[in-house]
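Visitor: Supplied in structure tokens, the structure appears directly below.
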Amino acid sequence: ELAEPQPVTTPGQATGGGYVLGAGGERIDFGFHAKSASGRVQGHCNLLDHSTGVHVRCLNVSTYAQTTTHASFTGIADVDGVVTTYRIEVDDLADPGRGADTFTLRTGVGYSVAGPLAGGNGQVHR
């Protein structure tokens, strides 16, 4: 049996907040901060889906990787009381980020959201 490849952690930092729109046009609000420096990875996130009531709260950040305009981080999250894994991807393509930056969240319990920011900003700090 082959082992899963371990994610590579790189130095960097990503911060952001705002909202994307769900399939029915409803707001999905989010905020996050993730940082990797001196071998230490830390961060948090919160997301509230107004149409379903789903609340995602990141409990930690275990891996962090970034390129010039993209950041990806993973860890453990609480999704409405269920502890599971998560992965967040952020693209910082404009300042401010509305309409250009993207936010994606996927969880191990099947909840996911992805799209361009309808409001707010995602920052991949260089």
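Order determines the names: the first chain of the structure tokens is A, the second B, and so forth; residues in each chain are numbered 1 upward, and ligands are numbered 1 upward as they are shown.
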Can you pull out every residue within 6 Å of His50 (chain A), counting only C-alpha atoms, but drop anything in the same chain fewer than 3 positions away, and send it as a PyMOL selection string?
Guide: chain A and resi 27-28+53
Visitor: Please produce a file of those selected residues containing N, CA and C atoms, as an mmCIF file, in the first residue's frame.
Guide:
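The file below, result.cif, is the result:
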```cif
data_model
loop_
_atom_site.group_PDB
_atom_site.id
_atom_site.type_symbol
_atom_site.label_atom_id
_atom_site.label_comp_id
_atom_site.auth_asym_id
_atom_site.auth_seq_id
_atom_site.Cartn_x
_atom_site.Cartn_y
_atom_site.Cartn_z
ATOM 1 N N ARG A 27 -25.150 34.630 1.023
ATOM 2 C CA ARG A 27 -23.794 34.933 1.501
ATOM 3 C C ARG A 27 -23.216 33.767 2.286
ATOM 4 N N ILE A 28 -21.948 33.531 2.057
ATOM 5 C CA ILE A 28 -21.169 32.594 2.863
ATOM 6 C C ILE A 28 -19.976 33.409 3.371
ATOM 7 N N GLY A 53 -26.825 27.306 7.464
ATOM 8 C CA GLY A 53 -26.503 27.432 8.878
ATOM 9 C C GLY A 53 -25.212 26.733 9.269
#
```
Visitor: I need the strand (DSSP E or B) residues of chain A per DSSP on the backbone, written as a PDB file with N, CA and C atoms, in the first residue's frame.
Guide:
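Produced file selection.pdb, reproduced below:
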```pdb
ATOM      1  N   GLY A  12       5.512  31.688   4.928  1.00  0.00           N
ATOM      2  CA  GLY A  12       4.586  32.645   4.335  1.00  0.00           C
ATOM      3  C   GLY A  12       3.434  32.940   5.252  1.00  0.00           C
ATOM      4  N   GLN A  13       2.522  33.764   4.752  1.00  0.00           N
ATOM      5  CA  GLN A  13       1.356  34.153   5.536  1.00  0.00           C
ATOM      6  C   GLN A  13       0.223  34.545   4.597  1.00  0.00           C
ATOM      7  N   ALA A  14      -0.985  34.151   4.972  1.00  0.00           N
ATOM      8  CA  ALA A  14      -2.193  34.539   4.230  1.00  0.00           C
ATOM      9  C   ALA A  14      -3.237  34.989   5.235  1.00  0.00           C
ATOM     10  N   THR A  15      -3.936  36.075   4.881  1.00  0.00           N
ATOM     11  CA  THR A  15      -5.007  36.591   5.718  1.00  0.00           C
ATOM     12  C   THR A  15      -6.157  36.994   4.808  1.00  0.00           C
ATOM     13  N   GLY A  16      -7.347  37.019   5.356  1.00  0.00           N
ATOM     14  CA  GLY A  16      -8.454  37.468   4.530  1.00  0.00           C
ATOM     15  C   GLY A  16      -9.781  37.363   5.232  1.00  0.00           C
ATOM     16  N   GLY A  17     -10.757  37.956   4.587  1.00  0.00           N
ATOM     17  CA  GLY A  17     -12.115  37.912   5.083  1.00  0.00           C
ATOM     18  C   GLY A  17     -13.043  38.490   4.037  1.00  0.00           C
ATOM     19  N   GLY A  18     -14.283  38.077   4.126  1.00  0.00           N
ATOM     20  CA  GLY A  18     -15.264  38.562   3.174  1.00  0.00           C
ATOM     21  C   GLY A  18     -16.347  37.530   2.976  1.00  0.00           C
ATOM     22  N   TYR A  19     -16.837  37.461   1.741  1.00  0.00           N
ATOM     23  CA  TYR A  19     -17.869  36.469   1.461  1.00  0.00           C
ATOM     24  C   TYR A  19     -17.859  36.067   0.001  1.00  0.00           C
ATOM     25  N   VAL A  20     -18.315  34.833  -0.214  1.00  0.00           N
ATOM     26  CA  VAL A  20     -18.591  34.319  -1.552  1.00  0.00           C
ATOM     27  C   VAL A  20     -20.096  34.071  -1.594  1.00  0.00           C
ATOM     28  N   LEU A  21     -20.628  33.876  -2.789  1.00  0.00           N
ATOM     29  CA  LEU A  21     -22.058  33.615  -2.920  1.00  0.00           C
ATOM     30  C   LEU A  21     -22.304  32.141  -3.171  1.00  0.00           C
ATOM     31  N   ARG A  27     -25.150  34.630   1.023  1.00  0.00           N
ATOM     32  CA  ARG A  27     -23.794  34.933   1.501  1.00  0.00           C
ATOM     33  C   ARG A  27     -23.216  33.767   2.286  1.00  0.00           C
ATOM     34  N   ILE A  28     -21.948  33.531   2.057  1.00  0.00           N
ATOM     35  CA  ILE A  28     -21.169  32.594   2.863  1.00  0.00           C
ATOM     36  C   ILE A  28     -19.976  33.409   3.371  1.00  0.00           C
ATOM     37  N   ASP A  29     -20.055  33.853   4.624  1.00  0.00           N
ATOM     38  CA  ASP A  29     -19.043  34.726   5.211  1.00  0.00           C
ATOM     39  C   ASP A  29     -17.872  33.899   5.737  1.00  0.00           C
ATOM     40  N   PHE A  30     -16.663  34.454   5.607  1.00  0.00           N
ATOM     41  CA  PHE A  30     -15.483  33.757   6.106  1.00  0.00           C
ATOM     42  C   PHE A  30     -14.408  34.740   6.534  1.00  0.00           C
ATOM     43  N   GLY A  31     -13.510  34.254   7.377  1.00  0.00           N
ATOM     44  CA  GLY A  31     -12.313  34.977   7.772  1.00  0.00           C
ATOM     45  C   GLY A  31     -11.239  33.960   8.079  1.00  0.00           C
ATOM     46  N   PHE A  32      -9.979  34.298   7.804  1.00  0.00           N
ATOM     47  CA  PHE A  32      -8.891  33.350   8.072  1.00  0.00           C
ATOM     48  C   PHE A  32      -7.566  34.076   8.266  1.00  0.00           C
ATOM     49  N   HIS A  33      -6.653  33.379   8.926  1.00  0.00           N
ATOM     50  CA  HIS A  33      -5.263  33.805   9.072  1.00  0.00           C
ATOM     51  C   HIS A  33      -4.443  32.527   9.186  1.00  0.00           C
ATOM     52  N   ALA A  34      -3.414  32.414   8.379  1.00  0.00           N
ATOM     53  CA  ALA A  34      -2.510  31.260   8.455  1.00  0.00           C
ATOM     54  C   ALA A  34      -1.093  31.760   8.240  1.00  0.00           C
ATOM     55  N   LYS A  35      -0.163  31.211   9.017  1.00  0.00           N
ATOM     56  CA  LYS A  35       1.217  31.680   8.952  1.00  0.00           C
ATOM     57  C   LYS A  35       2.173  30.519   9.197  1.00  0.00           C
ATOM     58  N   SER A  36       3.257  30.518   8.417  1.00  0.00           N
ATOM     59  CA  SER A  36       4.319  29.543   8.604  1.00  0.00           C
ATOM     60  C   SER A  36       5.630  30.318   8.687  1.00  0.00           C
ATOM     61  N   ALA A  37       6.301  30.210   9.834  1.00  0.00           N
ATOM     62  CA  ALA A  37       7.574  30.909  10.025  1.00  0.00           C
ATOM     63  C   ALA A  37       8.414  30.144  11.040  1.00  0.00           C
ATOM     64  N   ARG A  40       7.274  26.842  12.469  1.00  0.00           N
ATOM     65  CA  ARG A  40       6.019  26.803  13.220  1.00  0.00           C
ATOM     66  C   ARG A  40       4.873  27.236  12.316  1.00  0.00           C
ATOM     67  N   VAL A  41       3.802  26.452  12.322  1.00  0.00           N
ATOM     68  CA  VAL A  41       2.619  26.751  11.513  1.00  0.00           C
ATOM     69  C   VAL A  41       1.461  27.026  12.469  1.00  0.00           C
ATOM     70  N   GLN A  42       0.736  28.113  12.213  1.00  0.00           N
ATOM     71  CA  GLN A  42      -0.387  28.456  13.086  1.00  0.00           C
ATOM     72  C   GLN A  42      -1.461  29.177  12.292  1.00  0.00           C
ATOM     73  N   GLY A  43      -2.646  29.270  12.890  1.00  0.00           N
ATOM     74  CA  GLY A  43      -3.707  30.007  12.231  1.00  0.00           C
ATOM     75  C   GLY A  43      -5.083  29.611  12.714  1.00  0.00           C
ATOM     76  N   HIS A  44      -6.083  30.190  12.050  1.00  0.00           N
ATOM     77  CA  HIS A  44      -7.476  29.932  12.408  1.00  0.00           C
ATOM     78  C   HIS A  44      -8.368  30.313  11.224  1.00  0.00           C
ATOM     79  N   CYS A  45      -9.622  29.912  11.279  1.00  0.00           N
ATOM     80  CA  CYS A  45     -10.613  30.345  10.297  1.00  0.00           C
ATOM     81  C   CYS A  45     -12.001  30.228  10.901  1.00  0.00           C
ATOM     82  N   ASN A  46     -12.915  30.963  10.332  1.00  0.00           N
ATOM     83  CA  ASN A  46     -14.330  30.866  10.655  1.00  0.00           C
ATOM     84  C   ASN A  46     -15.102  31.042   9.363  1.00  0.00           C
ATOM     85  N   LEU A  47     -16.154  30.267   9.201  1.00  0.00           N
ATOM     86  CA  LEU A  47     -17.014  30.372   8.031  1.00  0.00           C
ATOM     87  C   LEU A  47     -18.442  30.144   8.482  1.00  0.00           C
ATOM     88  N   LEU A  48     -19.364  30.967   7.972  1.00  0.00           N
ATOM     89  CA  LEU A  48     -20.781  30.782   8.253  1.00  0.00           C
ATOM     90  C   LEU A  48     -21.548  30.830   6.944  1.00  0.00           C
ATOM     91  N   ASP A  49     -22.233  29.734   6.646  1.00  0.00           N
ATOM     92  CA  ASP A  49     -23.064  29.609   5.447  1.00  0.00           C
ATOM     93  C   ASP A  49     -24.485  29.992   5.859  1.00  0.00           C
ATOM     94  N   HIS A  55     -21.563  26.084  10.256  1.00  0.00           N
ATOM     95  CA  HIS A  55     -20.493  26.892  10.831  1.00  0.00           C
ATOM     96  C   HIS A  55     -19.228  26.038  10.871  1.00  0.00           C
ATOM     97  N   VAL A  56     -18.173  26.534  10.227  1.00  0.00           N
ATOM     98  CA  VAL A  56     -16.877  25.856  10.226  1.00  0.00           C
ATOM     99  C   VAL A  56     -15.908  26.708  11.027  1.00  0.00           C
ATOM    100  N   ARG A  57     -15.214  26.075  11.974  1.00  0.00           N
ATOM    101  CA  ARG A  57     -14.215  26.772  12.785  1.00  0.00           C
ATOM    102  C   ARG A  57     -12.927  25.950  12.744  1.00  0.00           C
ATOM    103  N   CYS A  58     -11.877  26.521  12.176  1.00  0.00           N
ATOM    104  CA  CYS A  58     -10.588  25.835  12.123  1.00  0.00           C
ATOM    105  C   CYS A  58      -9.997  25.795  13.529  1.00  0.00           C
ATOM    106  N   THR A  63      -0.436  22.361   7.949  1.00  0.00           N
ATOM    107  CA  THR A  63       0.466  22.565   6.815  1.00  0.00           C
ATOM    108  C   THR A  63       0.126  23.887   6.155  1.00  0.00           C
ATOM    109  N   TYR A  64       1.135  24.517   5.570  1.00  0.00           N
ATOM    110  CA  TYR A  64       0.936  25.789   4.880  1.00  0.00           C
ATOM    111  C   TYR A  64       1.911  25.848   3.717  1.00  0.00           C
ATOM    112  N   ALA A  65       1.407  26.192   2.536  1.00  0.00           N
ATOM    113  CA  ALA A  65       2.272  26.336   1.361  1.00  0.00           C
ATOM    114  C   ALA A  65       1.789  27.526   0.555  1.00  0.00           C
ATOM    115  N   GLN A  66       2.737  28.294  -0.002  1.00  0.00           N
ATOM    116  CA  GLN A  66       2.339  29.429  -0.826  1.00  0.00           C
ATOM    117  C   GLN A  66       3.302  29.629  -1.980  1.00  0.00           C
ATOM    118  N   HIS A  70      -0.836  32.410  -4.517  1.00  0.00           N
ATOM    119  CA  HIS A  70      -1.686  31.304  -4.067  1.00  0.00           C
ATOM    120  C   HIS A  70      -1.198  30.781  -2.719  1.00  0.00           C
ATOM    121  N   ALA A  71      -2.143  30.519  -1.824  1.00  0.00           N
ATOM    122  CA  ALA A  71      -1.824  29.886  -0.545  1.00  0.00           C
ATOM    123  C   ALA A  71      -2.779  28.719  -0.323  1.00  0.00           C
ATOM    124  N   SER A  72      -2.255  27.686   0.313  1.00  0.00           N
ATOM    125  CA  SER A  72      -3.031  26.503   0.638  1.00  0.00           C
ATOM    126  C   SER A  72      -2.654  26.072   2.048  1.00  0.00           C
ATOM    127  N   PHE A  73      -3.665  25.801   2.882  1.00  0.00           N
ATOM    128  CA  PHE A  73      -3.346  25.296   4.212  1.00  0.00           C
ATOM    129  C   PHE A  73      -4.381  24.280   4.664  1.00  0.00           C
ATOM    130  N   THR A  74      -3.953  23.386   5.541  1.00  0.00           N
ATOM    131  CA  THR A  74      -4.778  22.280   5.997  1.00  0.00           C
ATOM    132  C   THR A  74      -4.707  22.182   7.511  1.00  0.00           C
ATOM    133  N   GLY A  75      -5.652  21.440   8.072  1.00  0.00           N
ATOM    134  CA  GLY A  75      -5.649  21.204   9.504  1.00  0.00           C
ATOM    135  C   GLY A  75      -6.921  20.512   9.944  1.00  0.00           C
ATOM    136  N   ILE A  76      -7.255  20.733  11.208  1.00  0.00           N
ATOM    137  CA  ILE A  76      -8.442  20.137  11.819  1.00  0.00           C
ATOM    138  C   ILE A  76      -9.453  21.251  12.077  1.00  0.00           C
ATOM    139  N   ALA A  77     -10.717  20.968  11.776  1.00  0.00           N
ATOM    140  CA  ALA A  77     -11.788  21.945  11.970  1.00  0.00           C
ATOM    141  C   ALA A  77     -12.970  21.315  12.681  1.00  0.00           C
ATOM    142  N   ASP A  78     -13.777  22.157  13.272  1.00  0.00           N
ATOM    143  CA  ASP A  78     -15.055  21.777  13.862  1.00  0.00           C
ATOM    144  C   ASP A  78     -16.132  22.254  12.891  1.00  0.00           C
ATOM    145  N   VAL A  79     -16.926  21.322  12.369  1.00  0.00           N
ATOM    146  CA  VAL A  79     -18.034  21.650  11.468  1.00  0.00           C
ATOM    147  C   VAL A  79     -19.323  21.286  12.201  1.00  0.00           C
ATOM    148  N   VAL A  82     -18.768  18.561  14.711  1.00  0.00           N
ATOM    149  CA  VAL A  82     -18.066  17.370  14.241  1.00  0.00           C
ATOM    150  C   VAL A  82     -16.622  17.752  13.896  1.00  0.00           C
ATOM    151  N   VAL A  83     -15.658  17.079  14.505  1.00  0.00           N
ATOM    152  CA  VAL A  83     -14.249  17.362  14.243  1.00  0.00           C
ATOM    153  C   VAL A  83     -13.814  16.598  12.997  1.00  0.00           C
ATOM    154  N   THR A  84     -13.201  17.319  12.053  1.00  0.00           N
ATOM    155  CA  THR A  84     -12.818  16.729  10.780  1.00  0.00           C
ATOM    156  C   THR A  84     -11.625  17.490  10.208  1.00  0.00           C
ATOM    157  N   THR A  85     -11.172  17.069   9.047  1.00  0.00           N
ATOM    158  CA  THR A  85     -10.077  17.761   8.375  1.00  0.00           C
ATOM    159  C   THR A  85     -10.639  18.850   7.457  1.00  0.00           C
ATOM    160  N   TYR A  86      -9.770  19.783   7.090  1.00  0.00           N
ATOM    161  CA  TYR A  86     -10.156  20.811   6.127  1.00  0.00           C
ATOM    162  C   TYR A  86      -8.943  21.181   5.273  1.00  0.00           C
ATOM    163  N   ARG A  87      -9.237  21.814   4.138  1.00  0.00           N
ATOM    164  CA  ARG A  87      -8.222  22.405   3.275  1.00  0.00           C
ATOM    165  C   ARG A  87      -8.780  23.710   2.736  1.00  0.00           C
ATOM    166  N   ILE A  88      -7.999  24.782   2.842  1.00  0.00           N
ATOM    167  CA  ILE A  88      -8.379  26.085   2.308  1.00  0.00           C
ATOM    168  C   ILE A  88      -7.377  26.470   1.234  1.00  0.00           C
ATOM    169  N   GLU A  89      -7.903  26.984   0.115  1.00  0.00           N
ATOM    170  CA  GLU A  89      -7.083  27.499  -0.988  1.00  0.00           C
ATOM    171  C   GLU A  89      -7.504  28.952  -1.219  1.00  0.00           C
ATOM    172  N   VAL A  90      -6.522  29.834  -1.374  1.00  0.00           N
ATOM    173  CA  VAL A  90      -6.784  31.251  -1.583  1.00  0.00           C
ATOM    174  C   VAL A  90      -5.942  31.732  -2.752  1.00  0.00           C
ATOM    175  N   ASP A  91      -6.557  32.483  -3.651  1.00  0.00           N
ATOM    176  CA  ASP A  91      -5.830  33.135  -4.738  1.00  0.00           C
ATOM    177  C   ASP A  91      -5.965  34.636  -4.562  1.00  0.00           C
ATOM    178  N   THR A 102     -10.041  34.432  -5.108  1.00  0.00           N
ATOM    179  CA  THR A 102     -10.906  33.268  -4.928  1.00  0.00           C
ATOM    180  C   THR A 102     -10.658  32.636  -3.566  1.00  0.00           C
ATOM    181  N   PHE A 103     -11.681  31.957  -3.064  1.00  0.00           N
ATOM    182  CA  PHE A 103     -11.626  31.264  -1.781  1.00  0.00           C
ATOM    183  C   PHE A 103     -12.265  29.897  -1.957  1.00  0.00           C
ATOM    184  N   THR A 104     -11.584  28.860  -1.476  1.00  0.00           N
ATOM    185  CA  THR A 104     -12.113  27.490  -1.524  1.00  0.00           C
ATOM    186  C   THR A 104     -11.903  26.842  -0.159  1.00  0.00           C
ATOM    187  N   LEU A 105     -12.933  26.191   0.357  1.00  0.00           N
ATOM    188  CA  LEU A 105     -12.846  25.413   1.592  1.00  0.00           C
ATOM    189  C   LEU A 105     -13.471  24.055   1.335  1.00  0.00           C
ATOM    190  N   ARG A 106     -12.731  22.993   1.667  1.00  0.00           N
ATOM    191  CA  ARG A 106     -13.263  21.624   1.581  1.00  0.00           C
ATOM    192  C   ARG A 106     -13.034  20.950   2.916  1.00  0.00           C
ATOM    193  N   THR A 107     -14.036  20.208   3.384  1.00  0.00           N
ATOM    194  CA  THR A 107     -13.902  19.501   4.659  1.00  0.00           C
ATOM    195  C   THR A 107     -14.031  17.998   4.457  1.00  0.00           C
ATOM    196  N   SER A 112     -18.317  21.800   1.342  1.00  0.00           N
ATOM    197  CA  SER A 112     -17.324  22.562   0.577  1.00  0.00           C
ATOM    198  C   SER A 112     -17.977  23.793  -0.026  1.00  0.00           C
ATOM    199  N   VAL A 113     -17.142  24.797  -0.285  1.00  0.00           N
ATOM    200  CA  VAL A 113     -17.578  26.031  -0.910  1.00  0.00           C
ATOM    201  C   VAL A 113     -16.401  26.557  -1.720  1.00  0.00           C
ATOM    202  N   ALA A 114     -16.685  27.168  -2.865  1.00  0.00           N
ATOM    203  CA  ALA A 114     -15.616  27.722  -3.702  1.00  0.00           C
ATOM    204  C   ALA A 114     -16.191  28.821  -4.567  1.00  0.00           C
ATOM    205  N   GLY A 115     -15.389  29.852  -4.799  1.00  0.00           N
ATOM    206  CA  GLY A 115     -15.836  30.890  -5.710  1.00  0.00           C
ATOM    207  C   GLY A 115     -15.025  32.154  -5.596  1.00  0.00           C
ATOM    208  N   PRO A 116     -15.313  33.102  -6.492  1.00  0.00           N
ATOM    209  CA  PRO A 116     -14.670  34.412  -6.404  1.00  0.00           C
ATOM    210  C   PRO A 116     -15.280  35.206  -5.244  1.00  0.00           C
ATOM    211  N   GLY A 119     -17.256  40.006  -1.925  1.00  0.00           N
ATOM    212  CA  GLY A 119     -16.903  41.109  -1.039  1.00  0.00           C
ATOM    213  C   GLY A 119     -15.715  40.715  -0.204  1.00  0.00           C
ATOM    214  N   GLY A 120     -14.888  41.685   0.169  1.00  0.00           N
ATOM    215  CA  GLY A 120     -13.738  41.403   1.021  1.00  0.00           C
ATOM    216  C   GLY A 120     -12.439  41.300   0.239  1.00  0.00           C
ATOM    217  N   ASN A 121     -11.444  40.670   0.851  1.00  0.00           N
ATOM    218  CA  ASN A 121     -10.120  40.585   0.258  1.00  0.00           C
ATOM    219  C   ASN A 121      -9.372  39.389   0.815  1.00  0.00           C
ATOM    220  N   GLY A 122      -8.637  38.708  -0.040  1.00  0.00           N
ATOM    221  CA  GLY A 122      -7.719  37.650   0.367  1.00  0.00           C
ATOM    222  C   GLY A 122      -6.311  38.136   0.097  1.00  0.00           C
ATOM    223  N   GLN A 123      -5.417  37.976   1.064  1.00  0.00           N
ATOM    224  CA  GLN A 123      -4.047  38.477   0.908  1.00  0.00           C
ATOM    225  C   GLN A 123      -3.053  37.335   1.094  1.00  0.00           C
ATOM    226  N   VAL A 124      -2.223  37.105   0.085  1.00  0.00           N
ATOM    227  CA  VAL A 124      -1.081  36.208   0.216  1.00  0.00           C
ATOM    228  C   VAL A 124       0.111  37.139   0.351  1.00  0.00           C
ATOM    229  N   HIS A 125       0.663  37.211   1.562  1.00  0.00           N
ATOM    230  CA  HIS A 125       1.728  38.169   1.865  1.00  0.00           C
ATOM    231  C   HIS A 125       3.064  37.672   1.311  1.00  0.00           C
TER     232      HIS A 125
END
```
Visitor: Quick check, in Å to one decimal: how far apart do CA of Glu26 (chain A) and CA of Tyr111 (chain A) lie?
Guide: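 For CA of Glu26 (chain A) relative to CA of Tyr111 (chain A), the distance reads 15.7 Å.
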